[in-house]
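Worksheet for the structure shown next.
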Amino acid sequence: MAHRHVVVAIDGPAASGKSSTAQWVAQRIGFRHVDSGALYRAATAAQLRRSTNESNWTEEQVCEAARHVKLLPRGTSFSPLIDGENVDDELRGLEVTRHVSRVAAMECVRAWVNDRVREAARDNDIVVDGRDMGTAVFPDATVKVFLVADPWERARRRLVQQLGRSPVDEEIAEETGRLVQRDARDATQTVQAKDAILIDTTFLTQEEQVERIVALVRAVTQREDTTSAVDDDSGPG
Ligand code: DC
């Protein structure tokens with residue numbers, strides 16, 4: 001079999017800690033990180049530059065806008081650029097977050113994102129995070145992980161990150177409501193592969209999540225090495 005690059009696919013719902021975990025895992029094992037959600041966000045940001053009135057958006061226009069986005073390697077990651085401009089901060093903003101589910105439901109956008117991510121895996125070992133990386137995009141990924149966490153805990157973590165302090169219960173309750181609504185909007189896209197390893201991070205630190213995934217990757221890649229060594233020895237002579 002021709003050599004193929006290793007793909008570690010990490011899927012899960014919003015605010016399950018996928019992207020930061022994937023980034024950290026990638027650094028630990030020397031792979032590059034690809035955040036597929038950032039591509040959906042970049043397509044949304046590119047379209048918002050043309051029109052902020054979502055009710056007028058057509059699938060064709062959004063896909064045209066997405067063509068202005070390039071995914072380029074940067075450090076140990078890939079970053080989406082719009083017309084050559086780094087837009088990392090804009091991508092996490094409220095405006096993009098409000099519109100991105102609609103964009104992510106468009107078939108041509110999904111095909112465009114999937115092509116970009118597969119392209120990244122052509123020349124790199126990658127850790128990729130998203131909703132359907134272990135199913136639609138890389139059904140034969142080397143390792144598949146599905147991260148889940150209790151919605152209250154996901155909301156609390158997100159607020160700690162946003163506010164830089166411990167949120168009070170009323171704030172967490174409000175954010176939990178928003179998260180559950182987003183989960184519902186993204187539900188069709190969020191699929192756990194049958195052969196994915198489920199990790200519930202509700203009671204894990206980020207370090208523990210990362211350690212588990214690194215251990216899984218090492219176990220699987222070492223097993224593959226051993227198998228190919230056995231295959232090599234099995235020839236005549
Ligand atoms: O993970 P995130 O919040 O950055 O994702 C942004 C949006 O993109 C969200 O609406 C879910 C969607 N998405 C998707 O449909 N498929 C993916 N593989 C990744 C993200």
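Ordering of the structure tokens sets the chain letters (A, B, ...), residue numbers begin anew at 1 in every chain, and ligands are numbered from 1 in the order given.
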If DSSP is run on the backbone, what residues of segment 13-128 of chain A are alpha helix (DSSP H)? A reply as a ChimeraX atom specification would be ideal. /A:18-29,36-50,59-66,88-91,94-104,107-123
What do you get as a PyMOL selection string if you pick all residues at most 8 Å from ligand 1, counting only C-alpha atoms and all ligand atoms? chain A and resi 11+13-15+18-19+35-41+92+97+100-105+110+129-133+182+185-186+189-190
Write a file of the just-selected residues containing C-alpha atoms, as a PDB file, in the first residue's frame.
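Wrote part01.pdb, looks like this:
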```pdb
ATOM      1  CA  ASP A  11     -14.977  15.401  16.587  1.00  0.00           C
ATOM      2  CA  PRO A  13     -20.118  19.332  19.835  1.00  0.00           C
ATOM      3  CA  ALA A  14     -19.483  23.076  20.307  1.00  0.00           C
ATOM      4  CA  ALA A  15     -17.205  24.056  23.185  1.00  0.00           C
ATOM      5  CA  LYS A  18     -11.782  20.075  20.500  1.00  0.00           C
ATOM      6  CA  SER A  19      -9.671  22.805  18.968  1.00  0.00           C
ATOM      7  CA  ASP A  35      -9.380  23.322  12.627  1.00  0.00           C
ATOM      8  CA  SER A  36     -12.173  22.572  10.149  1.00  0.00           C
ATOM      9  CA  GLY A  37     -14.598  24.827  12.063  1.00  0.00           C
ATOM     10  CA  ALA A  38     -12.249  27.744  11.331  1.00  0.00           C
ATOM     11  CA  LEU A  39     -12.784  27.129   7.599  1.00  0.00           C
ATOM     12  CA  TYR A  40     -16.578  27.320   8.007  1.00  0.00           C
ATOM     13  CA  ARG A  41     -16.015  30.484  10.029  1.00  0.00           C
ATOM     14  CA  ARG A  92     -14.210  33.720  16.900  1.00  0.00           C
ATOM     15  CA  THR A  97     -20.662  32.777  15.345  1.00  0.00           C
ATOM     16  CA  VAL A 100     -21.871  30.186  10.726  1.00  0.00           C
ATOM     17  CA  SER A 101     -24.450  27.403  11.281  1.00  0.00           C
ATOM     18  CA  ARG A 102     -26.394  28.563   8.210  1.00  0.00           C
ATOM     19  CA  VAL A 103     -23.209  28.563   6.120  1.00  0.00           C
ATOM     20  CA  ALA A 104     -22.140  25.148   7.455  1.00  0.00           C
ATOM     21  CA  ALA A 105     -25.469  23.695   6.291  1.00  0.00           C
ATOM     22  CA  ARG A 110     -19.129  21.470   3.055  1.00  0.00           C
ATOM     23  CA  ASP A 129     -10.994  18.703  14.635  1.00  0.00           C
ATOM     24  CA  GLY A 130     -14.601  19.265  13.646  1.00  0.00           C
ATOM     25  CA  ARG A 131     -17.970  17.546  13.581  1.00  0.00           C
ATOM     26  CA  ASP A 132     -17.674  14.963  10.804  1.00  0.00           C
ATOM     27  CA  MET A 133     -13.936  14.452  10.327  1.00  0.00           C
ATOM     28  CA  ARG A 182     -26.241  25.628  18.823  1.00  0.00           C
ATOM     29  CA  ARG A 185     -28.624  23.634  14.900  1.00  0.00           C
ATOM     30  CA  ASP A 186     -25.447  21.628  14.238  1.00  0.00           C
ATOM     31  CA  GLN A 189     -23.479  17.583  11.014  1.00  0.00           C
ATOM     32  CA  THR A 190     -22.205  16.239  14.332  1.00  0.00           C
TER      33      THR A 190
END
```
Please report as JSON lines every residue of segment 82-193 of chain A lying within 8 Å of segment 49-70 of chain A, along with the nearest atom pair and their distance in Å (one decimal), using only C-alpha atoms.
```
{"residue": "A:Ile82", "atom": "CA", "partner": "A:Val69", "partner_atom": "CA", "distance": 4.6}
{"residue": "A:Asp83", "atom": "CA", "partner": "A:His68", "partner_atom": "CA", "distance": 5.4}
{"residue": "A:Gly84", "atom": "CA", "partner": "A:Lys70", "partner_atom": "CA", "distance": 7.5}
{"residue": "A:His99", "atom": "CA", "partner": "A:Glu54", "partner_atom": "CA", "distance": 7.5}
{"residue": "A:Val103", "atom": "CA", "partner": "A:Val62", "partner_atom": "CA", "distance": 7.5}
{"residue": "A:Met106", "atom": "CA", "partner": "A:Glu59", "partner_atom": "CA", "distance": 6.3}
{"residue": "A:Cys108", "atom": "CA", "partner": "A:Cys63", "partner_atom": "CA", "distance": 6.4}
{"residue": "A:Val109", "atom": "CA", "partner": "A:Cys63", "partner_atom": "CA", "distance": 5.9}
{"residue": "A:Trp112", "atom": "CA", "partner": "A:Cys63", "partner_atom": "CA", "distance": 7.9}
```
Can you list every residue in segment 18-233 of chain A that DSSP puts in strand (DSSP E), as a PyMOL selection string? chain A and resi 32-35+69-74+77-82+85-86+126-130+143-148+197-200
Kindly export the residues of the current selection with C-alpha atoms, as a tab-separated table (two decimals), in the first residue's frame.
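Output saved as out04.tsv:
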```tsv
chain	number	residue	atom	x	y	z
A	32	ARG	CA	0.07	19.85	12.18
A	33	HIS	CA	-3.31	20.95	13.48
A	34	VAL	CA	-6.24	21.72	11.17
A	35	ASP	CA	-9.38	23.32	12.63
A	69	VAL	CA	-10.15	31.89	1.59
A	70	LYS	CA	-6.85	30.00	1.48
A	71	LEU	CA	-5.70	27.52	4.12
A	72	LEU	CA	-1.98	27.97	4.67
A	73	PRO	CA	0.51	26.24	6.99
A	74	ARG	CA	1.61	28.45	9.88
A	77	SER	CA	-1.08	24.69	12.42
A	78	PHE	CA	-2.92	25.80	9.33
A	79	SER	CA	-4.62	29.21	9.25
A	80	PRO	CA	-7.37	30.39	6.92
A	81	LEU	CA	-6.56	33.72	5.26
A	82	ILE	CA	-9.11	35.91	3.47
A	85	GLU	CA	-5.20	38.61	5.40
A	86	ASN	CA	-4.95	36.86	8.77
A	126	ILE	CA	-2.49	16.02	10.85
A	127	VAL	CA	-4.69	16.31	13.89
A	128	VAL	CA	-7.98	17.67	12.58
A	129	ASP	CA	-10.99	18.70	14.64
A	130	GLY	CA	-14.60	19.27	13.65
A	143	VAL	CA	-7.34	7.43	15.22
A	144	LYS	CA	-10.85	8.77	15.78
A	145	VAL	CA	-11.90	10.45	18.97
A	146	PHE	CA	-15.31	11.86	19.87
A	147	LEU	CA	-15.16	14.39	22.72
A	148	VAL	CA	-18.24	15.09	24.82
A	197	ILE	CA	-13.28	6.38	20.94
A	198	LEU	CA	-15.61	8.39	23.15
A	199	ILE	CA	-13.96	10.59	25.75
A	200	ASP	CA	-16.20	12.38	28.25
```
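Of note, atom CA of Arg154 of chain A and atom CA of Asp169 of chain A are spaced 13.1 Å apart.
For the pair atom CA of His5 of chain A and atom CA of Thr21 of chain A, the interatomic distance is 20.3 Å.
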Have a look at atom CA of Ala9 of chain A and atom CA of Ala141 of chain A and let me know their distance in Å, one decimal. 6.4 Å
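Among the candidates A:Val113, A:Ala187, A:Leu179, A:Ala43, the one nearest to Asp150 of chain A when counting only C-alpha atoms is A:Leu179.
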